[in-house]
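Asker: Contents of final16.txt (compact mmCIF, C-alpha atoms):
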# COMPACT_ATOMS: atom_id res chain seq x y z
CA MET A 1 -67.70 -27.79 -31.46
CA LYS A 2 -65.78 -30.71 -32.91
CA SER A 3 -64.03 -28.52 -35.43
CA GLU A 4 -63.00 -25.97 -32.79
CA HIS A 5 -60.92 -27.33 -29.90
CA LEU A 6 -61.37 -26.12 -26.36
CA SER A 7 -58.79 -23.63 -25.18
CA PHE A 8 -56.51 -24.42 -22.28
CA ASP A 9 -58.26 -21.76 -20.20
CA GLN A 10 -61.61 -23.45 -20.77
CA LEU A 11 -60.18 -26.81 -19.76
CA SER A 12 -58.63 -25.26 -16.68
CA ASP A 13 -61.92 -23.57 -15.78
CA LEU A 14 -63.71 -26.87 -16.25
CA PHE A 15 -61.24 -28.57 -13.91
CA ASP A 16 -61.88 -25.90 -11.27
CA ASN A 17 -65.61 -25.99 -11.94
CA GLU A 18 -65.47 -22.29 -12.71
CA VAL A 19 -68.04 -22.68 -15.52
CA THR A 20 -71.78 -22.29 -15.83
CA ASP A 21 -74.00 -25.38 -16.05
CA ASN A 22 -74.43 -24.90 -19.80
CA GLU A 23 -70.68 -24.52 -20.34
CA ARG A 24 -69.99 -27.63 -18.30
CA LYS A 25 -72.43 -29.63 -20.36
CA THR A 26 -71.05 -28.35 -23.66
CA PHE A 27 -67.40 -28.81 -22.66
CA THR A 28 -68.03 -32.32 -21.33
CA LEU A 29 -69.80 -33.38 -24.50
CA HIS A 30 -66.97 -31.97 -26.60
CA ILE A 31 -64.30 -33.73 -24.56
CA GLN A 32 -66.13 -37.03 -24.98
CA ALA A 33 -66.28 -36.54 -28.70
CA CYS A 34 -62.87 -34.93 -29.40
CA SER A 35 -59.84 -37.10 -28.74
CA THR A 36 -57.39 -34.15 -28.89
CA CYS A 37 -59.24 -32.19 -26.22
CA ARG A 38 -59.74 -35.35 -24.18
CA ARG A 39 -56.01 -36.05 -24.18
CA GLU A 40 -55.31 -32.43 -23.29
CA TYR A 41 -57.78 -32.53 -20.43
CA GLU A 42 -56.43 -35.84 -19.13
CA SER A 43 -52.89 -34.41 -19.19
CA LEU A 44 -54.06 -31.40 -17.25
CA CYS A 45 -55.84 -33.58 -14.68
CA MET A 46 -52.75 -35.75 -14.27
CA CYS A 47 -50.47 -32.74 -13.95
CA LEU A 48 -52.64 -31.15 -11.27
CA SER A 49 -53.11 -34.45 -9.44
CA MET A 50 -49.35 -34.86 -9.27
CA LEU A 51 -48.97 -31.28 -8.15
CA LYS A 52 -51.46 -31.86 -5.36
CA GLY A 53 -49.79 -35.17 -4.61
CA SER A 54 -46.50 -33.41 -4.01
CA LYS A 55 -48.08 -31.80 -0.97
CA GLY A 56 -46.44 -34.31 1.32
CA GLY A 57 -43.10 -34.19 -0.49
CA CYS A 58 -41.59 -31.45 1.60
CA GLY A 59 -41.15 -33.66 4.64
CA CYS A 60 -42.32 -33.20 8.19
CA ILE A 61 -41.79 -30.07 10.16
CA PRO A 62 -40.79 -30.35 13.81
CA ASP A 63 -42.76 -28.48 16.46
CA ILE A 64 -41.40 -24.96 16.29
CA CYS A 65 -43.71 -23.40 18.91
CA GLN A 66 -41.28 -23.16 21.82
CA GLU A 67 -38.36 -22.04 19.70
CA THR A 68 -40.41 -19.41 17.89
CA ILE A 69 -41.87 -17.93 21.07
CA ALA A 70 -38.45 -17.98 22.77
CA THR A 71 -36.91 -16.20 19.78
CA TYR A 72 -39.72 -13.65 19.84
CA ARG A 73 -39.16 -12.97 23.55
CA ALA A 74 -35.41 -12.58 23.02
CA LYS A 75 -36.12 -10.14 20.22
CA ILE A 76 -38.41 -8.10 22.43
CA ARG A 77 -35.80 -8.03 25.22
CA LYS A 78 -33.13 -6.90 22.77
CA ARG A 79 -35.41 -4.17 21.43
CA GLU A 80 -36.13 -2.89 24.93
CA TYR A 81 -32.43 -2.87 25.72
CA LEU A 82 -31.66 -0.93 22.53
CA LYS A 83 -34.39 1.54 23.42
CA SER A 84 -32.67 2.23 26.76
CA VAL A 85 -29.23 2.83 25.20
CA PRO A 86 -29.83 6.54 24.42
CA ALA A 87 -31.00 7.08 28.02
CA ILE A 88 -27.88 5.33 29.35
CA ALA A 89 -25.66 7.39 27.03
CA ALA A 90 -27.37 10.60 28.13
CA SER A 91 -26.90 9.66 31.81
CA VAL A 92 -23.19 8.99 31.25
CA LEU A 93 -22.77 12.34 29.50
CA ILE A 94 -24.58 14.17 32.30
CA ILE A 95 -22.50 12.46 34.98
CA ALA A 96 -19.30 13.19 33.04
CA GLY A 97 -20.36 16.81 32.58
CA ILE A 98 -21.04 17.24 36.28
CA GLY A 99 -17.70 15.59 36.98
CA PHE A 100 -15.89 18.11 34.77
CA LEU A 101 -17.68 20.98 36.42
CA HIS A 102 -16.66 19.77 39.84
CA THR A 103 -13.02 19.08 39.00
CA GLY A 104 -12.56 22.23 36.93
CA HIS A 105 -10.94 20.30 34.10
CA PHE A 106 -12.07 22.61 31.35
CA MET A 107 -10.69 25.79 29.80
CA ASP A 108 -12.13 29.08 30.82
CA GLU A 109 -10.35 32.42 31.03
CA LYS A 110 -11.76 33.09 34.45
CA THR A 111 -10.71 29.82 35.94
CA LEU A 112 -7.35 28.58 37.01
CA PHE A 113 -5.32 26.86 34.38
CA SER A 114 -4.41 23.36 35.23
CA ALA A 115 -1.07 22.25 33.96
CA GLN A 116 -1.55 18.76 32.74
CA VAL A 117 0.58 16.52 34.81
CA SER A 118 -1.35 13.67 33.43
CA THR A 119 0.91 10.76 34.19
CA GLN A 120 3.01 9.54 36.99
CA GLY A 121 6.01 9.90 34.64
CA ASP A 122 5.41 13.64 34.28
CA LEU A 123 5.23 14.09 38.03
CA GLU A 124 8.51 12.26 38.52
CA ARG A 125 10.16 14.36 35.84
CA ILE A 126 9.05 17.56 37.57
CA ILE A 127 10.39 16.37 40.90
CA ASP A 128 13.67 15.27 39.29
CA SER A 129 13.97 18.59 37.47
CA ILE A 130 13.58 20.57 40.69
CA ARG A 131 16.11 18.34 42.48
CA ASP A 132 18.56 18.54 39.55
CA SER A 133 18.33 22.31 39.82
CA LYS A 134 19.70 22.00 43.35
CA GLY A 135 16.26 22.90 44.58
CA ARG A 136 13.96 21.29 47.07
CA ILE A 137 10.41 20.09 47.02
CA ILE A 138 8.30 22.00 49.47
CA SER A 139 5.05 20.20 48.98
CA ILE A 140 3.12 18.00 46.59
CA THR A 141 -0.63 18.32 46.64
CA GLY A 142 -3.35 17.01 44.45
CA GLU A 143 -3.32 20.29 42.53
CA TYR A 144 0.29 21.40 42.30
CA VAL A 145 3.93 20.76 43.08
CA ASP A 146 5.72 23.45 45.09
CA GLY A 147 9.45 23.79 44.97
CA GLU A 148 12.27 26.17 45.69
CA ILE A 149 15.30 26.52 43.41
CA PRO A 150 18.32 28.82 43.25
CA ARG A 151 17.69 31.87 41.06
CA SER A 152 20.62 30.87 38.82
CA ASP A 153 18.94 27.55 37.96
CA LEU A 154 15.60 28.98 36.86
CA ALA A 155 16.51 29.05 33.17
CA LYS A 156 17.79 25.47 33.36
CA LEU A 157 14.58 24.24 34.99
CA GLU A 158 12.46 25.98 32.36
CA ARG A 159 14.51 24.37 29.61
CA VAL A 160 13.93 20.95 31.10
CA LEU A 161 10.18 21.50 31.49
CA ASN A 162 9.91 22.85 27.96
CA TYR A 163 11.93 19.94 26.65
CA PHE A 164 9.49 17.46 28.12
CA ARG A 165 6.62 19.69 27.01
CA ILE A 166 5.30 19.91 30.51
CA LYS A 167 2.98 22.85 30.81
CA HIS A 168 3.97 24.86 33.77
CA THR A 169 3.73 28.16 35.55
CA ILE A 170 6.63 29.50 37.51
CA ILE A 171 5.84 31.83 40.34
CA SER A 172 8.80 33.92 41.19
CA ASP A 173 8.98 36.13 44.26
CA THR A 174 10.88 38.66 42.17
CA GLN A 175 8.03 39.10 39.70
CA SER A 176 5.35 41.62 40.39
CA PRO A 177 2.09 39.93 40.88
CA LEU A 178 -0.60 40.81 38.34
CA PHE A 179 -2.96 41.21 41.22
CA THR A 180 -2.92 40.78 44.92
CA GLU A 181 -5.70 40.51 47.34
CA ARG A 182 -5.51 40.32 51.05
CA SER A 183 -8.30 39.05 53.11
CA SER A 184 -8.56 37.37 56.47
CA GLY A 185 -4.96 36.37 56.66
CA PHE A 186 -4.57 35.16 53.06
CA GLU A 187 -2.88 36.70 50.11
CA GLU A 188 -3.85 35.74 46.59
CA ALA A 189 -1.37 36.33 43.81
CA GLY A 190 -1.64 35.71 40.04
CA PHE A 191 0.93 35.70 37.25
CA ARG A 192 0.88 35.12 33.50
CA THR A 193 3.50 33.24 31.60
CA ASN A 194 3.07 32.45 27.87
CA SER A 195 -0.64 33.20 28.06
CA ILE A 196 -1.03 30.69 30.85
CA ALA A 197 -2.67 32.20 33.84
CA GLY A 198 -1.72 31.03 37.30
CA ALA A 199 -3.09 31.93 40.65
CA SER A 200 -2.74 30.45 44.04
CA MET A 201 -3.51 31.01 47.63
CA PHE A 202 -0.72 31.38 50.11
CA GLY A 203 -1.13 31.45 53.78
CA ARG A 204 0.73 34.03 55.77
CA GLY A 205 3.85 32.60 57.27
CA SER A 206 3.92 29.85 54.72
CA GLU A 207 7.05 28.71 53.01
CA PHE A 208 6.42 31.09 50.14
CA LEU A 209 6.82 34.08 52.43
CA MET A 210 9.80 32.42 54.04
CA SER A 211 11.41 31.87 50.67
CA SER A 212 10.66 35.39 49.57
CA GLN A 213 12.91 36.58 52.38
CA ASN A 214 15.74 34.70 50.74
CA ARG A 215 16.45 36.78 47.62
CA ASN A 216 18.66 34.05 46.07
CA LYS A 217 15.85 31.52 45.95
CA ILE A 218 12.86 31.34 43.66
CA HIS A 219 9.59 29.70 44.55
CA VAL A 220 8.21 27.46 41.82
CA ARG A 221 4.72 26.12 41.64
CA ILE A 222 3.68 23.72 38.88
CA PHE A 223 -0.01 23.15 38.74
CA LYS A 224 -1.34 19.77 37.90
CA MET B 1 -60.26 -25.15 15.50
CA SER B 2 -62.71 -22.62 14.11
CA VAL B 3 -62.29 -18.99 13.12
CA ILE B 4 -63.73 -17.95 16.49
CA ASP B 5 -60.97 -19.89 18.19
CA ASP B 6 -58.38 -17.95 16.24
CA VAL B 7 -59.96 -14.72 17.41
CA GLU B 8 -60.01 -15.91 21.01
CA ILE B 9 -56.37 -16.89 20.83
CA ILE B 10 -55.44 -13.54 19.32
CA SER B 11 -57.23 -11.75 22.17
CA LYS B 12 -55.33 -13.83 24.71
CA VAL B 13 -52.01 -13.10 23.04
CA LEU B 14 -52.76 -9.39 22.87
CA GLU B 15 -53.59 -9.46 26.58
CA GLY B 16 -50.06 -10.68 27.21
CA ASP B 17 -50.37 -14.46 27.08
CA THR B 18 -47.69 -15.03 24.43
CA ASP B 19 -47.72 -18.79 25.04
CA ALA B 20 -51.26 -18.94 23.64
CA PHE B 21 -49.75 -18.19 20.25
CA SER B 22 -48.41 -21.74 20.16
CA HIS B 23 -51.95 -22.87 19.20
CA ILE B 24 -51.79 -20.66 16.12
CA ILE B 25 -48.32 -21.96 15.23
CA ARG B 26 -49.38 -25.59 15.56
CA LYS B 27 -52.45 -25.00 13.46
CA TYR B 28 -50.77 -23.23 10.54
CA GLN B 29 -47.13 -24.33 10.62
CA ASP B 30 -47.57 -27.22 8.17
CA MET B 31 -49.24 -25.10 5.55
CA VAL B 32 -46.82 -22.20 5.96
CA PHE B 33 -43.80 -24.51 5.88
CA ARG B 34 -45.08 -26.31 2.77
CA TYR B 35 -45.61 -23.06 0.93
CA VAL B 36 -42.19 -21.75 1.90
CA TYR B 37 -40.54 -25.05 1.04
CA TYR B 38 -41.92 -25.02 -2.49
CA GLN B 39 -40.82 -21.41 -2.91
CA PHE B 40 -37.20 -22.08 -1.99
CA ASN B 41 -36.80 -25.84 -2.32
CA ASN B 42 -34.57 -26.05 0.76
CA TYR B 43 -35.65 -27.74 3.99
CA ASP B 44 -33.47 -25.81 6.46
CA GLU B 45 -34.08 -22.49 4.79
CA ALA B 46 -37.82 -23.14 4.78
CA LEU B 47 -37.74 -23.98 8.49
CA ASP B 48 -35.99 -20.71 9.36
CA ILE B 49 -38.30 -18.67 7.17
CA THR B 50 -41.36 -20.36 8.66
CA GLN B 51 -40.19 -19.35 12.11
CA ASP B 52 -39.52 -15.80 10.95
CA ILE B 53 -43.00 -15.61 9.47
CA PHE B 54 -44.62 -16.57 12.77
CA ILE B 55 -42.48 -14.05 14.64
CA THR B 56 -43.55 -11.37 12.15
CA VAL B 57 -47.19 -12.37 12.64
CA LEU B 58 -46.78 -12.25 16.41
CA GLU B 59 -45.22 -8.80 16.23
CA ALA B 60 -47.91 -7.50 13.90
CA LEU B 61 -50.82 -9.13 15.71
CA GLY B 62 -51.91 -5.80 17.17
CA THR B 63 -52.48 -4.45 13.67
CA PHE B 64 -54.87 -7.25 12.66
CA ARG B 65 -58.19 -5.46 12.14
CA HIS B 66 -60.45 -8.50 11.70
CA GLU B 67 -61.48 -7.28 8.25
CA SER B 68 -60.60 -10.64 6.77
CA LYS B 69 -60.15 -14.14 8.12
CA PHE B 70 -57.08 -14.49 10.31
CA SER B 71 -55.77 -17.23 8.02
CA THR B 72 -56.00 -14.92 4.99
CA TRP B 73 -54.12 -12.22 6.89
CA LEU B 74 -51.47 -14.72 7.98
CA TYR B 75 -51.07 -16.09 4.43
CA SER B 76 -50.67 -12.60 3.00
CA ILE B 77 -47.87 -11.97 5.51
CA MET B 78 -46.38 -15.32 4.49
CA VAL B 79 -46.49 -14.46 0.76
CA ASN B 80 -44.99 -11.01 1.29
CA HIS B 81 -42.30 -12.35 3.59
CA CYS B 82 -41.27 -14.88 0.93
CA LYS B 83 -41.24 -12.19 -1.76
CA ASN B 84 -39.03 -9.96 0.37
CA TYR B 85 -36.76 -12.84 1.28
CA ARG B 86 -36.38 -13.79 -2.38
CA LYS B 87 -35.50 -10.21 -3.29
CA LYS B 88 -32.89 -10.09 -0.54
CA LYS B 89 -31.54 -13.47 -1.55
CA ASN B 90 -31.25 -12.47 -5.20
CA ARG B 91 -29.40 -9.33 -4.19
CA TYR B 92 -26.80 -11.28 -2.26
CA SER B 93 -26.38 -14.53 -4.13
CA THR B 94 -24.64 -17.17 -2.01
CA VAL B 95 -22.98 -20.48 -2.64
CA PRO B 96 -24.03 -23.12 -0.11
CA LEU B 97 -21.19 -24.96 1.59
CA LYS B 98 -23.33 -28.04 1.76
CA ILE B 99 -26.84 -28.91 0.89
CA THR B 100 -28.69 -30.41 3.79
CA LYS B 101 -31.92 -32.20 3.54
CA GLY B 102 -34.37 -32.77 6.32
CA GLU B 103 -34.46 -36.28 7.55
CA ASP B 104 -37.97 -36.78 6.33
CA GLU B 105 -37.57 -34.84 3.16
CA VAL B 106 -37.36 -37.86 0.89
CA ASP B 107 -40.15 -39.67 2.64
CA ILE B 108 -43.24 -39.64 0.53
CA GLN B 109 -46.38 -39.44 2.55
CA LEU B 110 -48.60 -41.68 0.52
CA GLN B 111 -51.37 -41.68 3.04
CA ASP B 112 -52.85 -38.45 1.72
CA PHE B 113 -53.06 -39.79 -1.79
CA ARG B 114 -54.75 -42.97 -0.70
CA GLU B 115 -57.32 -41.02 1.18
CA ASN B 116 -58.26 -39.13 -1.95
CA PRO B 117 -58.96 -41.43 -4.92
CA GLU B 118 -58.70 -38.52 -7.34
CA GLU B 119 -55.06 -38.06 -6.58
CA LYS B 120 -52.47 -40.22 -8.21
CA ILE B 121 -49.92 -42.03 -6.19
CA ILE B 122 -46.62 -40.68 -7.32
CA ASN B 123 -43.36 -42.45 -6.87
CA GLU B 124 -40.11 -41.03 -5.64
CA ASP B 125 -38.79 -40.23 -9.11
CA SER B 126 -41.85 -38.39 -10.25
CA LEU B 127 -41.89 -36.49 -6.96
CA ARG B 128 -38.29 -35.45 -7.52
CA ILE B 129 -39.06 -34.31 -11.07
CA MET B 130 -42.15 -32.50 -9.91
CA LYS B 131 -40.17 -30.69 -7.19
CA GLU B 132 -37.52 -29.72 -9.71
CA GLU B 133 -40.11 -28.35 -12.09
CA ILE B 134 -41.92 -26.47 -9.34
CA SER B 135 -38.65 -24.85 -8.31
CA LYS B 136 -38.00 -23.85 -11.94
CA LEU B 137 -41.38 -22.18 -12.35
CA PRO B 138 -41.42 -18.39 -12.63
CA ASP B 139 -42.07 -16.89 -9.18
CA ASP B 140 -45.59 -15.70 -9.97
CA PHE B 141 -46.66 -19.11 -11.25
CA ARG B 142 -45.06 -21.01 -8.39
CA GLU B 143 -46.69 -18.73 -5.86
CA ILE B 144 -50.17 -19.04 -7.28
CA LEU B 145 -50.03 -22.77 -8.04
CA SER B 146 -48.86 -23.44 -4.49
CA LEU B 147 -51.88 -21.64 -3.13
CA ARG B 148 -54.39 -23.03 -5.60
CA ASP B 149 -53.30 -26.54 -6.49
CA ILE B 150 -51.22 -27.60 -3.50
CA GLU B 151 -53.14 -25.84 -0.72
CA GLY B 152 -56.48 -25.89 -2.53
CA MET B 153 -57.43 -22.29 -1.79
CA SER B 154 -60.33 -20.64 -3.56
CA TYR B 155 -59.89 -17.94 -6.20
CA ASN B 156 -61.32 -15.37 -3.79
CA GLU B 157 -58.93 -16.28 -1.01
CA ILE B 158 -55.98 -16.11 -3.40
CA SER B 159 -57.19 -12.74 -4.63
CA ASP B 160 -57.25 -11.44 -1.03
CA ILE B 161 -53.88 -12.93 -0.14
CA LEU B 162 -52.03 -11.73 -3.22
CA GLY B 163 -53.91 -8.47 -3.46
CA ILE B 164 -54.79 -8.92 -7.13
CA ASN B 165 -58.22 -9.05 -8.77
CA LEU B 166 -60.06 -12.25 -9.62
CA SER B 167 -59.51 -12.11 -13.36
CA ASN B 168 -55.78 -11.74 -12.79
CA VAL B 169 -55.87 -14.72 -10.44
CA LYS B 170 -57.59 -16.83 -13.12
CA VAL B 171 -55.22 -15.77 -15.87
CA ARG B 172 -52.18 -16.46 -13.73
CA ILE B 173 -53.48 -19.88 -12.72
CA HIS B 174 -54.18 -20.83 -16.33
CA ARG B 175 -50.77 -19.68 -17.54
CA GLY B 176 -49.01 -21.37 -14.66
CA ARG B 177 -50.78 -24.67 -15.22
CA GLU B 178 -50.10 -24.58 -18.93
CA TYR B 179 -46.43 -23.86 -18.30
CA LEU B 180 -46.09 -26.66 -15.77
CA LYS B 181 -48.02 -29.15 -17.93
CA ASN B 182 -45.76 -28.46 -20.89
CA ARG B 183 -42.67 -28.84 -18.72
CA LEU B 184 -43.86 -32.16 -17.30
CA HIS B 185 -44.81 -33.33 -20.77
CA SER B 186 -41.33 -32.52 -22.08
CA ARG B 187 -39.85 -34.61 -19.25
CA GLY B 188 -42.12 -37.52 -20.11
CA LEU B 189 -43.97 -37.46 -16.84
CA ILE B 190 -47.38 -37.01 -18.44
Taking this structure as input, can you express it in the form of structure tokens?

Answerer:
Amino acid sequence: MKSEHLSFDQLSDLFDNEVTDNERKTFTLHIQACSTCRREYESLCMCLSMLKGSKGGCGCIPDICQETIATYRAKIRKREYLKSVPAIAASVLIIAGIGFLHTGHFMDEKTLFSAQVSTQGDLERIIDSIRDSKGRIISITGEYVDGEIPRSDLAKLERVLNYFRIKHTIISDTQSPLFTERSSGFEEAGFRTNSIAGASMFGRGSEFLMSSQNRNKIHVRIFK
Amino acid sequence: MSVIDDVEIISKVLEGDTDAFSHIIRKYQDMVFRYVYYQFNNYDEALDITQDIFITVLEALGTFRHESKFSTWLYSIMVNHCKNYRKKKNRYSTVPLKITKGEDEVDIQLQDFRENPEEKIINEDSLRIMKEEISKLPDDFREILSLRDIEGMSYNEISDILGINLSNVKVRIHRGREYLKNRLHSRGLI
């Protein structure tokens, strides 16, 4: 054995006691007799002792129990919240959908077209335009603005509304209604202008019928 | 605290008593922190990662099938977490604005060495050199030497934790020790 040195693996196994009894005996005898292997083994022992000795070199760790558990709980809460987001989004969409259905703010050939008087500014412009046309405002409701203007000012009013890109429908008493329907004291009339369909309900004896008696005036209704 | 205690605590936690997990944290935090510290050589980083590891363990506690010791299962999570963290860190290399050291980082706890006559008392310089050399070890060597020579785990435990066979464990330990010994020799420490 003296002529053949122990390998590093054998020395390492000896250090870990991962050898048989016979191997231990042989290796130990060799190390006692061979100075090279003895030095090698001593170096290994010192290296591993220092490595084990560095165990305390990383410093002390504070108690992280509370912080860890609190972080875990926060994480769980966040996860549960994120899980509920799709449900919240779906609820919002459903509510919005129902809202649209109720207000009729969607395009459908069979439904009334709503001219988009979306801002207060638009509404004021419409009122100003009717007044500028020497007309008068008959009524303003949540759905439309009714006005009466001289027949000669119709083209001027249309120009103004087109200029401001305000979608509108003009109901003239001189136009033939596309359809009429009479029932229980009401007349329903519909007209089409530039593929925009308009329809409205007029009560008998309302201002529309009064204005229709005056052939120089035109009744204008701009739907919101 | 015995293995049975770990199992009892796990049952409690799974029944909804999350606070019971603090016993597990207190029991294993030193070992986990030490391992992580020697993997990344940064006190603050090691502290954060240690916390993350325990949160991961807590989240995965329901999947523990009692096929191995709880400690082995926890250590395997620890090793994998560090591997993943290292990969992520290497992908996005950062430049620290400042290097902070834990207050007690430079304190050498000599008490352990005195208790065990086989261990050499190492001074501050040799500890610094040793830490430097550990941090320079290839990842595989650092990982296995931490488990074997710092934590004193058996070959079988290491095999279970790392998921490699016994002969591979032995070979890796031998190569790692040889590498470290040569490095320390070149720095005149041994």

Asker: Between A:Ser12, A:Thr68, A:Ser49, A:Ser152, single out the one closest to Leu47 (chain B), counting only C-alpha atoms.

Answerer: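 Of A:Ser12, A:Thr68, A:Ser49, A:Ser152, the one nearest Leu47 (chain B), counting only C-alpha atoms, is A:Thr68.
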
Asker: Residues at most 10 Å from Asp153 (chain A), counting only C-alpha atoms, excluding those fewer than 2 positions away in the same chain, as a list in words?

Answerer: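 Residues meeting the cut-off are Ile130, Asp132, Ser133, Lys134, Gly135, Ile149, Pro150, Arg151, Ala155, Lys156, Leu157, Glu158, Arg159, Lys217 and Ile218 of chain A.
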
Asker: What are the centre and the three edge lengths of an axis-aligned box that wraps all atoms of region 13-18 of chain A in the file, given that 6 Å is added to every side, written as JSON and rounded to one decimal in Å?

Answerer:
{"center_x": -63.4, "center_y": -25.4, "center_z": -13.8, "size_x": 16.4, "size_y": 18.3, "size_z": 17.0}

Asker: From the list B:Phe33, B:Tyr38, B:Tyr155, B:Phe141, which residue is nearest Gln51 (chain B) when using only C-alpha atoms?

Answerer: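 Checking each candidate against Gln51 (chain B), we get B:Phe33 as the closest.
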
Asker: Within 12 Å of chain B, which residues of chain A show up when using only C-alpha atoms, listed as an NGL selection string?

Answerer: :A and (7-18 or 39-76)

Asker: Which distance in Å separates CA of Arg165 (chain A) and CA of Ser129 (chain A), to one decimal?

Answerer: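 For CA of Arg165 (chain A) relative to CA of Ser129 (chain A), the distance reads 12.8 Å.
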
Asker: Interatomic distance between CA of Val79 (chain B) and CA of Val32 (chain B)?

Answerer: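 Between CA of Val79 (chain B) and CA of Val32 (chain B) the gap is 9.3 Å.
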
Asker: Can you fill out region 24-44 of chain B with N, CA and C atoms and hand it back as a PDB file, keeping the file's coordinate frame?

Answerer:
ATOM      1  N   ILE B  24     -51.772 -21.181  17.500  1.00  0.00           N
ATOM      2  CA  ILE B  24     -51.790 -20.660  16.120  1.00  0.00           C
ATOM      3  C   ILE B  24     -50.656 -21.312  15.324  1.00  0.00           C
ATOM      4  N   ILE B  25     -49.481 -21.380  15.947  1.00  0.00           N
ATOM      5  CA  ILE B  25     -48.320 -21.960  15.230  1.00  0.00           C
ATOM      6  C   ILE B  25     -48.620 -23.401  14.864  1.00  0.00           C
ATOM      7  N   ARG B  26     -49.113 -24.171  15.829  1.00  0.00           N
ATOM      8  CA  ARG B  26     -49.380 -25.590  15.560  1.00  0.00           C
ATOM      9  C   ARG B  26     -50.420 -25.767  14.457  1.00  0.00           C
ATOM     10  N   LYS B  27     -51.364 -24.877  14.430  1.00  0.00           N
ATOM     11  CA  LYS B  27     -52.450 -25.000  13.460  1.00  0.00           C
ATOM     12  C   LYS B  27     -51.969 -24.696  12.023  1.00  0.00           C
ATOM     13  N   TYR B  28     -51.117 -23.697  11.890  1.00  0.00           N
ATOM     14  CA  TYR B  28     -50.770 -23.230  10.540  1.00  0.00           C
ATOM     15  C   TYR B  28     -49.347 -23.589  10.091  1.00  0.00           C
ATOM     16  N   GLN B  29     -48.540 -24.150  10.971  1.00  0.00           N
ATOM     17  CA  GLN B  29     -47.130 -24.330  10.620  1.00  0.00           C
ATOM     18  C   GLN B  29     -46.917 -25.262   9.416  1.00  0.00           C
ATOM     19  N   ASP B  30     -47.746 -26.291   9.301  1.00  0.00           N
ATOM     20  CA  ASP B  30     -47.570 -27.220   8.170  1.00  0.00           C
ATOM     21  C   ASP B  30     -47.811 -26.510   6.840  1.00  0.00           C
ATOM     22  N   MET B  31     -48.885 -25.775   6.804  1.00  0.00           N
ATOM     23  CA  MET B  31     -49.240 -25.100   5.550  1.00  0.00           C
ATOM     24  C   MET B  31     -48.195 -24.043   5.192  1.00  0.00           C
ATOM     25  N   VAL B  32     -47.808 -23.264   6.203  1.00  0.00           N
ATOM     26  CA  VAL B  32     -46.820 -22.200   5.960  1.00  0.00           C
ATOM     27  C   VAL B  32     -45.495 -22.817   5.513  1.00  0.00           C
ATOM     28  N   PHE B  33     -45.080 -23.866   6.219  1.00  0.00           N
ATOM     29  CA  PHE B  33     -43.800 -24.510   5.880  1.00  0.00           C
ATOM     30  C   PHE B  33     -43.843 -25.067   4.447  1.00  0.00           C
ATOM     31  N   ARG B  34     -44.948 -25.716   4.119  1.00  0.00           N
ATOM     32  CA  ARG B  34     -45.080 -26.310   2.770  1.00  0.00           C
ATOM     33  C   ARG B  34     -44.962 -25.239   1.689  1.00  0.00           C
ATOM     34  N   TYR B  35     -45.665 -24.146   1.918  1.00  0.00           N
ATOM     35  CA  TYR B  35     -45.610 -23.060   0.930  1.00  0.00           C
ATOM     36  C   TYR B  35     -44.178 -22.550   0.783  1.00  0.00           C
ATOM     37  N   VAL B  36     -43.549 -22.293   1.925  1.00  0.00           N
ATOM     38  CA  VAL B  36     -42.190 -21.750   1.900  1.00  0.00           C
ATOM     39  C   VAL B  36     -41.224 -22.746   1.257  1.00  0.00           C
ATOM     40  N   TYR B  37     -41.425 -24.017   1.591  1.00  0.00           N
ATOM     41  CA  TYR B  37     -40.540 -25.050   1.040  1.00  0.00           C
ATOM     42  C   TYR B  37     -40.597 -25.059  -0.488  1.00  0.00           C
ATOM     43  N   TYR B  38     -41.806 -24.977  -1.026  1.00  0.00           N
ATOM     44  CA  TYR B  38     -41.920 -25.020  -2.490  1.00  0.00           C
ATOM     45  C   TYR B  38     -41.453 -23.716  -3.136  1.00  0.00           C
ATOM     46  N   GLN B  39     -41.343 -22.652  -2.354  1.00  0.00           N
ATOM     47  CA  GLN B  39     -40.820 -21.410  -2.910  1.00  0.00           C
ATOM     48  C   GLN B  39     -39.292 -21.452  -3.002  1.00  0.00           C
ATOM     49  N   PHE B  40     -38.664 -22.135  -2.045  1.00  0.00           N
ATOM     50  CA  PHE B  40     -37.200 -22.080  -1.990  1.00  0.00           C
ATOM     51  C   PHE B  40     -36.505 -23.431  -2.145  1.00  0.00           C
ATOM     52  N   ASN B  41     -37.311 -24.482  -2.084  1.00  0.00           N
ATOM     53  CA  ASN B  41     -36.800 -25.840  -2.320  1.00  0.00           C
ATOM     54  C   ASN B  41     -35.612 -26.192  -1.427  1.00  0.00           C
ATOM     55  N   ASN B  42     -35.657 -25.749  -0.179  1.00  0.00           N
ATOM     56  CA  ASN B  42     -34.570 -26.050   0.760  1.00  0.00           C
ATOM     57  C   ASN B  42     -35.187 -26.224   2.153  1.00  0.00           C
ATOM     58  N   TYR B  43     -34.982 -27.395   2.731  1.00  0.00           N
ATOM     59  CA  TYR B  43     -35.650 -27.740   3.990  1.00  0.00           C
ATOM     60  C   TYR B  43     -35.256 -26.795   5.132  1.00  0.00           C
ATOM     61  N   ASP B  44     -33.940 -26.629   5.327  1.00  0.00           N
ATOM     62  CA  ASP B  44     -33.470 -25.810   6.460  1.00  0.00           C
ATOM     63  C   ASP B  44     -33.870 -24.345   6.312  1.00  0.00           C
TER      64      ASP B  44
END
